[in-house]
Structures are given as C-alpha cells and as structure tokens.
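The file input15.cif comes next; it holds mmCIF, C-alpha atoms.
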```cif
data_target
loop_
_atom_site.label_atom_id
_atom_site.label_comp_id
_atom_site.auth_asym_id
_atom_site.auth_seq_id
_atom_site.Cartn_x
_atom_site.Cartn_y
_atom_site.Cartn_z
CA MET A 1 -12.73 -19.44 18.52
CA LYS A 2 -8.94 -19.57 18.23
CA GLN A 3 -6.72 -16.98 19.85
CA LEU A 4 -4.46 -14.71 17.85
CA ARG A 5 -0.91 -15.95 17.75
CA LEU A 6 1.94 -13.47 17.93
CA LYS A 7 3.98 -15.67 15.57
CA VAL A 8 1.32 -15.32 12.87
CA LEU A 9 1.15 -11.55 13.32
CA ALA A 10 4.95 -11.27 13.29
CA GLY A 11 5.12 -13.42 10.17
CA LEU A 12 2.57 -11.27 8.38
CA PHE A 13 4.42 -8.13 9.45
CA LEU A 14 7.78 -9.44 8.21
CA ALA A 15 6.42 -10.83 4.93
CA ALA A 16 4.60 -7.60 4.13
CA GLY A 17 7.67 -5.58 5.11
CA ILE A 18 10.02 -7.54 2.87
CA LEU A 19 7.61 -7.43 -0.07
CA SER A 20 7.00 -3.71 0.45
CA TRP A 21 10.71 -2.95 0.67
CA GLY A 22 11.33 -4.83 -2.59
CA ALA A 23 8.37 -3.19 -4.30
CA ALA A 24 9.54 0.26 -3.13
CA ARG A 25 13.01 -0.36 -4.60
CA LEU A 26 11.51 -1.53 -7.88
CA TRP A 27 8.98 1.29 -8.06
CA ASP A 28 11.61 3.90 -7.29
CA ALA A 29 13.84 2.50 -10.05
CA LEU A 30 10.96 2.75 -12.53
CA GLY A 31 9.76 6.21 -11.57
CA THR A 32 8.35 7.91 -8.53
CA LEU A 33 7.58 6.12 -5.30
CA PRO A 34 3.94 6.32 -4.15
CA SER A 35 3.58 8.47 -1.06
CA VAL A 36 2.63 7.31 2.42
CA PRO A 37 -0.66 9.05 3.22
CA LEU A 38 -0.87 11.17 6.34
CA ALA A 39 -4.26 9.56 7.00
CA ALA A 40 -2.73 6.09 7.50
CA PRO A 41 -1.54 6.58 11.09
CA ILE A 42 -4.66 8.58 11.91
CA VAL A 43 -7.00 5.80 10.77
CA LEU A 44 -4.95 3.15 12.58
CA ALA A 45 -4.99 5.25 15.75
CA ALA A 46 -8.77 5.62 15.50
CA ILE A 47 -9.15 1.84 15.18
CA ALA A 48 -6.89 1.34 18.22
CA VAL A 49 -9.01 3.78 20.22
CA VAL A 50 -12.25 2.02 19.23
CA LEU A 51 -10.82 -1.40 20.16
CA THR A 52 -9.52 -0.11 23.50
CA ALA A 53 -12.81 1.62 24.32
CA THR A 54 -14.72 -1.56 23.46
CA ALA A 55 -12.43 -3.65 25.64
CA LEU A 56 -12.71 -1.27 28.59
CA SER A 57 -16.50 -1.12 28.27
CA LEU A 58 -16.84 -4.89 28.07
CA ARG A 59 -14.43 -5.37 30.97
CA ALA A 60 -16.47 -3.03 33.18
CA ARG A 61 -19.73 -4.72 32.21
CA LEU A 62 -18.32 -8.20 32.78
CA LYS A 63 -16.94 -7.16 36.16
CA ALA A 64 -20.31 -5.74 37.19
CA GLN A 65 -22.00 -8.92 35.99
CA ARG A 66 -19.58 -11.15 37.94
CA GLU A 67 -20.07 -9.10 41.09
CA ARG A 68 -23.84 -9.33 40.60
CA ARG A 69 -24.34 -5.61 41.01
CA PRO A 70 -27.98 -4.53 40.93
CA GLY A 71 -28.87 -3.05 37.56
CA ALA A 72 -25.71 -4.38 35.92
CA LYS A 73 -26.06 -4.64 32.19
CA GLY A 74 -24.80 -8.04 31.07
CA VAL A 75 -22.82 -8.90 27.98
CA GLU A 76 -24.46 -11.03 25.35
CA PRO A 77 -22.15 -13.83 24.20
CA LEU A 78 -22.77 -13.04 20.53
CA MET A 79 -21.82 -9.40 21.08
CA ALA A 80 -18.58 -10.42 22.79
CA ALA A 81 -17.82 -12.87 19.98
CA ARG A 82 -18.38 -10.16 17.37
CA ALA A 83 -16.09 -7.81 19.26
CA VAL A 84 -13.36 -10.46 19.36
CA VAL A 85 -13.73 -11.19 15.64
CA PHE A 86 -13.49 -7.45 14.90
CA GLY A 87 -10.38 -7.25 17.05
CA GLN A 88 -8.75 -10.25 15.41
CA ALA A 89 -9.50 -8.98 11.91
CA SER A 90 -8.17 -5.56 12.85
CA ALA A 91 -4.97 -7.07 14.24
CA LEU A 92 -4.36 -9.14 11.11
CA VAL A 93 -4.91 -6.17 8.81
CA ALA A 94 -2.82 -3.91 11.07
CA ALA A 95 0.07 -6.40 10.93
CA LEU A 96 -0.05 -6.33 7.13
CA VAL A 97 -0.38 -2.55 6.91
CA ALA A 98 2.35 -1.94 9.49
CA GLY A 99 4.63 -4.32 7.62
CA MET A 100 3.89 -2.60 4.34
CA TYR A 101 4.65 0.85 5.71
CA GLY A 102 7.60 -0.53 7.66
CA GLY A 103 9.18 -1.88 4.49
CA THR A 104 8.58 1.40 2.71
CA GLY A 105 10.00 3.29 5.68
CA VAL A 106 13.15 1.15 5.68
CA PHE A 107 13.60 1.96 1.99
CA LEU A 108 13.11 5.66 2.69
CA LEU A 109 15.84 5.65 5.36
CA GLY A 110 18.40 5.87 2.58
CA SER A 111 17.15 9.26 1.45
CA LEU A 112 16.34 11.21 4.60
CA ASP A 113 18.25 14.22 3.28
CA ILE A 114 15.34 14.93 0.90
CA PRO A 115 12.60 16.74 2.88
CA ALA A 116 9.69 15.06 1.08
CA ARG A 117 11.14 11.59 1.66
CA ARG A 118 11.91 12.43 5.30
CA ASP A 119 8.24 13.35 5.81
CA GLN A 120 7.19 10.10 4.15
CA ALA A 121 9.53 8.15 6.44
CA ILE A 122 7.97 9.86 9.48
CA TYR A 123 4.45 8.98 8.28
CA ALA A 124 5.57 5.40 7.68
CA ALA A 125 7.09 5.15 11.17
CA ALA A 126 3.91 6.59 12.71
CA SER A 127 1.87 4.04 10.75
CA VAL A 128 4.00 1.19 12.08
CA LEU A 129 3.64 2.42 15.67
CA THR A 130 -0.12 2.87 15.41
CA GLY A 131 -0.36 -0.54 13.72
CA PHE A 132 1.31 -2.02 16.79
CA ALA A 133 -1.19 -0.10 18.94
CA VAL A 134 -4.06 -1.74 17.03
CA ILE A 135 -2.51 -5.16 17.63
CA ALA A 136 -2.06 -4.45 21.34
CA ALA A 137 -5.66 -3.21 21.66
CA ALA A 138 -6.95 -6.29 19.81
CA LEU A 139 -5.01 -8.62 22.10
CA PHE A 140 -6.35 -6.73 25.13
CA LEU A 141 -9.92 -7.05 23.79
CA GLU A 142 -9.41 -10.75 23.19
CA ARG A 143 -8.11 -11.20 26.73
CA VAL A 144 -11.07 -9.31 28.21
CA CYS A 145 -13.56 -11.48 26.35
CA LYS A 146 -11.82 -14.77 27.12
CA LEU A 147 -13.98 -17.18 29.07
CA PRO A 148 -12.64 -18.51 32.34
CA GLU A 149 -11.44 -22.03 31.67
CA ASP A 150 -12.55 -25.02 33.64
CA GLU A 151 -9.49 -26.60 35.29
CA ASP A 152 -10.73 -30.18 34.85
CA HIS A 153 -11.51 -29.53 31.19
CA ASN A 154 -7.88 -28.70 30.43
CA GLY A 155 -6.49 -31.68 32.24
CA GLN A 156 -4.74 -29.47 34.77
CA GLY A 157 -7.14 -30.19 37.59
CA HIS A 158 -6.37 -32.85 40.15
CA ALA A 159 -8.70 -35.53 41.31
CA PRO A 160 -9.17 -35.71 45.08
CA VAL A 161 -6.91 -38.28 46.70
CA ASN A 162 -8.51 -40.67 49.22
#
```
Target format structure tokens, applied to this file:
Amino acid sequence: MKQLRLKVLAGLFLAAGILSWGAARLWDALGTLPSVPLAAPIVLAAIAVVLTATALSLRARLKAQRERRPGAKGVEPLMAARAVVFGQASALVAALVAGMYGGTGVFLLGSLDIPARRDQAIYAAASVLTGFAVIAAALFLERVCKLPEDEDHNGQGHAPVN
C-alpha cells in the first residue's frame, strides 16, 4: 500500500481551489452564488474526530500487543489496512473539498461588507481548516498503522565486517 504524498494532496487542494474560484466568479456573474453549507465544517470535523479516535485506539492496541501485555487485544492486519484506506480516501476527498471551499472563500473576500457573504466566507474558512484537520488525522492514522521496516530490506542495513 502506498503512502499519501503531501504533494498530491497539495496539488488537489490547489487545483480544486483555482477551479472553484473561477466557477464562483462565473456563477456570480450569471446570478446568485451557491451558499457554503454550515454543515460542511461540521461533517469534516466529525470525520477528523473518527480518524483520530481510530488512530489512537489502534496505537494503544498495537503498543499493548508489542509489549505482550496479558489480555491485550491484537490488531488484525486486514482491519488496519481498511483503516488506512479509509484515512487515505478521507484525506483525498478532504483536500478536494477544502480546495473547493478555499477557492469560494477567496472569491468571497471581495465582498465581506455584505453580512450574508461574510458568513459564507467564515463557513468556507472553517471548512478549509477542518479539511486540513482531516488530512492531519489521516496522516497520523497512516503513521500509526505503518509496519516497522526491515533495515536490510531497504538497503540501509550494513553487512558485518570481518
């Protein structure tokens, strides 16, 4: 399983932001701009909480398993893999959503004197921040579930010298 790359997430964020900013300009020129839902940052925050809770739970279980504590409940490899896939998918979607709301928020910065648009800009900013929280939680989950690497397997190990 490949690790998430910050460059890919940043690229998705920027591409979605630029497209969203352009679409917001076009949409506003043609009529009314769609609103940023208040539920967007709430849903993203809930996903970040679930990912963080999963990572903390798995980390505690893996630590107990490594320390060979009596009665320690192990982690099934398939369960850990599913958690990582959920985290990666969440991070990719969060990068797109945060970029989309970021682009819309940048467009709304030009009209903060209108109360309705100011509220929309606040919701967009909150969505971007909680999107980043989802990405951080997903990266943390991925790190928790990463297998310890064998030094010789990576070519970094050294053969004993006689």
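In terms of minimum interatomic distance to Thr104 (chain A), A:Arg25 ranks closest within A:Arg69, A:Arg25, A:Lys146, A:Arg59, counting only C-alpha atoms.
With only C-alpha atoms as the atoms that count, the minimum distance from Phe107 (chain A) to the choices A:Val85, A:Ala124, A:Ala10, A:Leu56 is reached by A:Ala124.
Nearest to Gly11 (chain A) of all the residues A:Ala95, A:Leu26, A:Pro34, A:Val49 is A:Ala95, counting only C-alpha atoms.
One finds CA of Gly105 (chain A) at 11.9 Å from CA of Leu129 (chain A).
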query = Closest to Tyr101 (chain A) among A:Gln65, A:Ser20, A:Thr32, A:Thr52, using all atoms listed in the file?
reply = A:Ser20
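A straight line drawn from CA of Gly22 (chain A) to CA of Ala136 (chain A) is 27.4 Å long.
The residue that comes closest to Gly102 (chain A), out of A:Ile18, A:Leu78, A:Leu4, A:Leu139 and on the basis of all atoms listed in the file, is A:Ile18.
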request  = Fewer than 4 positions away in the same chain doesn't count, so skip those; otherwise give me all residues within 12 Å of Gly103 (chain A), counting all atoms listed in the file, as a VMD selection string.
outcome  = chain A and resid 13 to 25 36 96 to 99 107 to 109 121 124 to 125 127 to 128
task = Name all residues at most 10 Å from Ile42 (chain A) (count all atoms listed in the file; drop same-chain ones fewer than 6 positions away) and give them as a PyMOL selection string.
result = chain A and resi 48+123+126-127+130
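Reported to one decimal place, the separation of CA of Lys2 (chain A) from CA of Arg68 (chain A) is 28.8 Å.
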Padding 8 Å on each side, edges along x, y and z: where is the centre of the box around the listed atoms of region 12-31 of chain A, and how long are its edges in Å to one decimal? Output it as AutoDock Vina command-line options.
```
--center_x 8.2 --center_y -2.5 --center_z -1.5 --size_x 27.3 --size_y 33.5 --size_z 38.0
```
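Ranking A:Leu44, A:Met100, A:Ala53, A:Val84 by their shortest atom-to-atom distance to Glu142 (chain A), with only C-alpha atoms included, puts A:Val84 first.
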If we draw a sphere of 8 Å around (-3.2, -0.5, 16.3), which residues have at least one atom in it when counting all atoms listed in the file? Please report them as a PDB file with C-alpha atoms, in the coordinates of the input.
```
ATOM      1  CA  LEU A  44      -4.950   3.150  12.580  1.00  0.00           C
ATOM      2  CA  ALA A  45      -4.990   5.250  15.750  1.00  0.00           C
ATOM      3  CA  ILE A  47      -9.150   1.840  15.180  1.00  0.00           C
ATOM      4  CA  ALA A  48      -6.890   1.340  18.220  1.00  0.00           C
ATOM      5  CA  SER A  90      -8.170  -5.560  12.850  1.00  0.00           C
ATOM      6  CA  ALA A  91      -4.970  -7.070  14.240  1.00  0.00           C
ATOM      7  CA  ALA A  94      -2.820  -3.910  11.070  1.00  0.00           C
ATOM      8  CA  LEU A 129       3.640   2.420  15.670  1.00  0.00           C
ATOM      9  CA  THR A 130      -0.120   2.870  15.410  1.00  0.00           C
ATOM     10  CA  GLY A 131      -0.360  -0.540  13.720  1.00  0.00           C
ATOM     11  CA  PHE A 132       1.310  -2.020  16.790  1.00  0.00           C
ATOM     12  CA  ALA A 133      -1.190  -0.100  18.940  1.00  0.00           C
ATOM     13  CA  VAL A 134      -4.060  -1.740  17.030  1.00  0.00           C
ATOM     14  CA  ILE A 135      -2.510  -5.160  17.630  1.00  0.00           C
ATOM     15  CA  ALA A 136      -2.060  -4.450  21.340  1.00  0.00           C
ATOM     16  CA  ALA A 137      -5.660  -3.210  21.660  1.00  0.00           C
ATOM     17  CA  ALA A 138      -6.950  -6.290  19.810  1.00  0.00           C
TER      18      ALA A 138
END
```
request  = Please check which residues have atoms at most 8 Å from (-12.2, -9.5, 28.4) in the file's coordinates, counting all atoms listed in the file, and write them as a ChimeraX atom specification.
outcome  = /A:55,58-59,62,140-147
Convert the current residue selection to file output with C-alpha atoms, as a tab-separated table (two decimals), keeping the file's coordinate frame.
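The result, written out as result.tsv:
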```tsv
chain	number	residue	atom	x	y	z
A	55	ALA	CA	-12.43	-3.65	25.64
A	58	LEU	CA	-16.84	-4.89	28.07
A	59	ARG	CA	-14.43	-5.37	30.97
A	62	LEU	CA	-18.32	-8.20	32.78
A	140	PHE	CA	-6.35	-6.73	25.13
A	141	LEU	CA	-9.92	-7.05	23.79
A	142	GLU	CA	-9.41	-10.75	23.19
A	143	ARG	CA	-8.11	-11.20	26.73
A	144	VAL	CA	-11.07	-9.31	28.21
A	145	CYS	CA	-13.56	-11.48	26.35
A	146	LYS	CA	-11.82	-14.77	27.12
A	147	LEU	CA	-13.98	-17.18	29.07
```
From the coordinates I just gave you, please extract region 70-85 of chain A so that only N, CA and C atoms remain, then output it as a PDB file, in the first residue's frame.
```pdb
ATOM      1  N   PRO A  70      -0.661  -9.203  29.061  1.00  0.00           N
ATOM      2  CA  PRO A  70      -1.669 -10.266  29.138  1.00  0.00           C
ATOM      3  C   PRO A  70      -3.061  -9.691  28.839  1.00  0.00           C
ATOM      4  N   GLY A  71      -3.794 -10.391  28.027  1.00  0.00           N
ATOM      5  CA  GLY A  71      -5.150  -9.976  27.673  1.00  0.00           C
ATOM      6  C   GLY A  71      -5.199  -8.871  26.629  1.00  0.00           C
ATOM      7  N   ALA A  72      -4.067  -8.552  26.037  1.00  0.00           N
ATOM      8  CA  ALA A  72      -4.039  -7.499  25.016  1.00  0.00           C
ATOM      9  C   ALA A  72      -4.768  -7.973  23.771  1.00  0.00           C
ATOM     10  N   LYS A  73      -5.640  -7.110  23.288  1.00  0.00           N
ATOM     11  CA  LYS A  73      -6.392  -7.427  22.079  1.00  0.00           C
ATOM     12  C   LYS A  73      -5.570  -6.972  20.877  1.00  0.00           C
ATOM     13  N   GLY A  74      -5.203  -7.907  20.032  1.00  0.00           N
ATOM     14  CA  GLY A  74      -4.369  -7.605  18.878  1.00  0.00           C
ATOM     15  C   GLY A  74      -5.130  -6.887  17.785  1.00  0.00           C
ATOM     16  N   VAL A  75      -4.398  -6.469  16.786  1.00  0.00           N
ATOM     17  CA  VAL A  75      -4.970  -5.785  15.634  1.00  0.00           C
ATOM     18  C   VAL A  75      -4.836  -6.696  14.430  1.00  0.00           C
ATOM     19  N   GLU A  76      -5.953  -6.989  13.812  1.00  0.00           N
ATOM     20  CA  GLU A  76      -5.925  -7.813  12.608  1.00  0.00           C
ATOM     21  C   GLU A  76      -5.363  -6.979  11.458  1.00  0.00           C
ATOM     22  N   PRO A  77      -4.476  -7.550  10.663  1.00  0.00           N
ATOM     23  CA  PRO A  77      -3.884  -6.789   9.560  1.00  0.00           C
ATOM     24  C   PRO A  77      -4.914  -6.232   8.580  1.00  0.00           C
ATOM     25  N   LEU A  78      -5.974  -6.994   8.316  1.00  0.00           N
ATOM     26  CA  LEU A  78      -6.992  -6.521   7.383  1.00  0.00           C
ATOM     27  C   LEU A  78      -7.743  -5.315   7.956  1.00  0.00           C
ATOM     28  N   MET A  79      -7.970  -5.317   9.263  1.00  0.00           N
ATOM     29  CA  MET A  79      -8.640  -4.186   9.896  1.00  0.00           C
ATOM     30  C   MET A  79      -7.764  -2.935   9.811  1.00  0.00           C
ATOM     31  N   ALA A  80      -6.478  -3.094  10.054  1.00  0.00           N
ATOM     32  CA  ALA A  80      -5.555  -1.955   9.952  1.00  0.00           C
ATOM     33  C   ALA A  80      -5.491  -1.445   8.519  1.00  0.00           C
ATOM     34  N   ALA A  81      -5.475  -2.351   7.558  1.00  0.00           N
ATOM     35  CA  ALA A  81      -5.435  -1.944   6.151  1.00  0.00           C
ATOM     36  C   ALA A  81      -6.706  -1.189   5.768  1.00  0.00           C
ATOM     37  N   ARG A  82      -7.848  -1.648   6.249  1.00  0.00           N
ATOM     38  CA  ARG A  82      -9.104  -0.941   5.974  1.00  0.00           C
ATOM     39  C   ARG A  82      -9.102   0.448   6.592  1.00  0.00           C
ATOM     40  N   ALA A  83      -8.565   0.555   7.786  1.00  0.00           N
ATOM     41  CA  ALA A  83      -8.496   1.864   8.446  1.00  0.00           C
ATOM     42  C   ALA A  83      -7.608   2.816   7.642  1.00  0.00           C
ATOM     43  N   VAL A  84      -6.498   2.314   7.150  1.00  0.00           N
ATOM     44  CA  VAL A  84      -5.591   3.157   6.359  1.00  0.00           C
ATOM     45  C   VAL A  84      -6.257   3.581   5.056  1.00  0.00           C
ATOM     46  N   VAL A  85      -6.956   2.669   4.404  1.00  0.00           N
ATOM     47  CA  VAL A  85      -7.639   3.007   3.153  1.00  0.00           C
ATOM     48  C   VAL A  85      -8.718   4.062   3.420  1.00  0.00           C
TER      49      VAL A  85
END
```
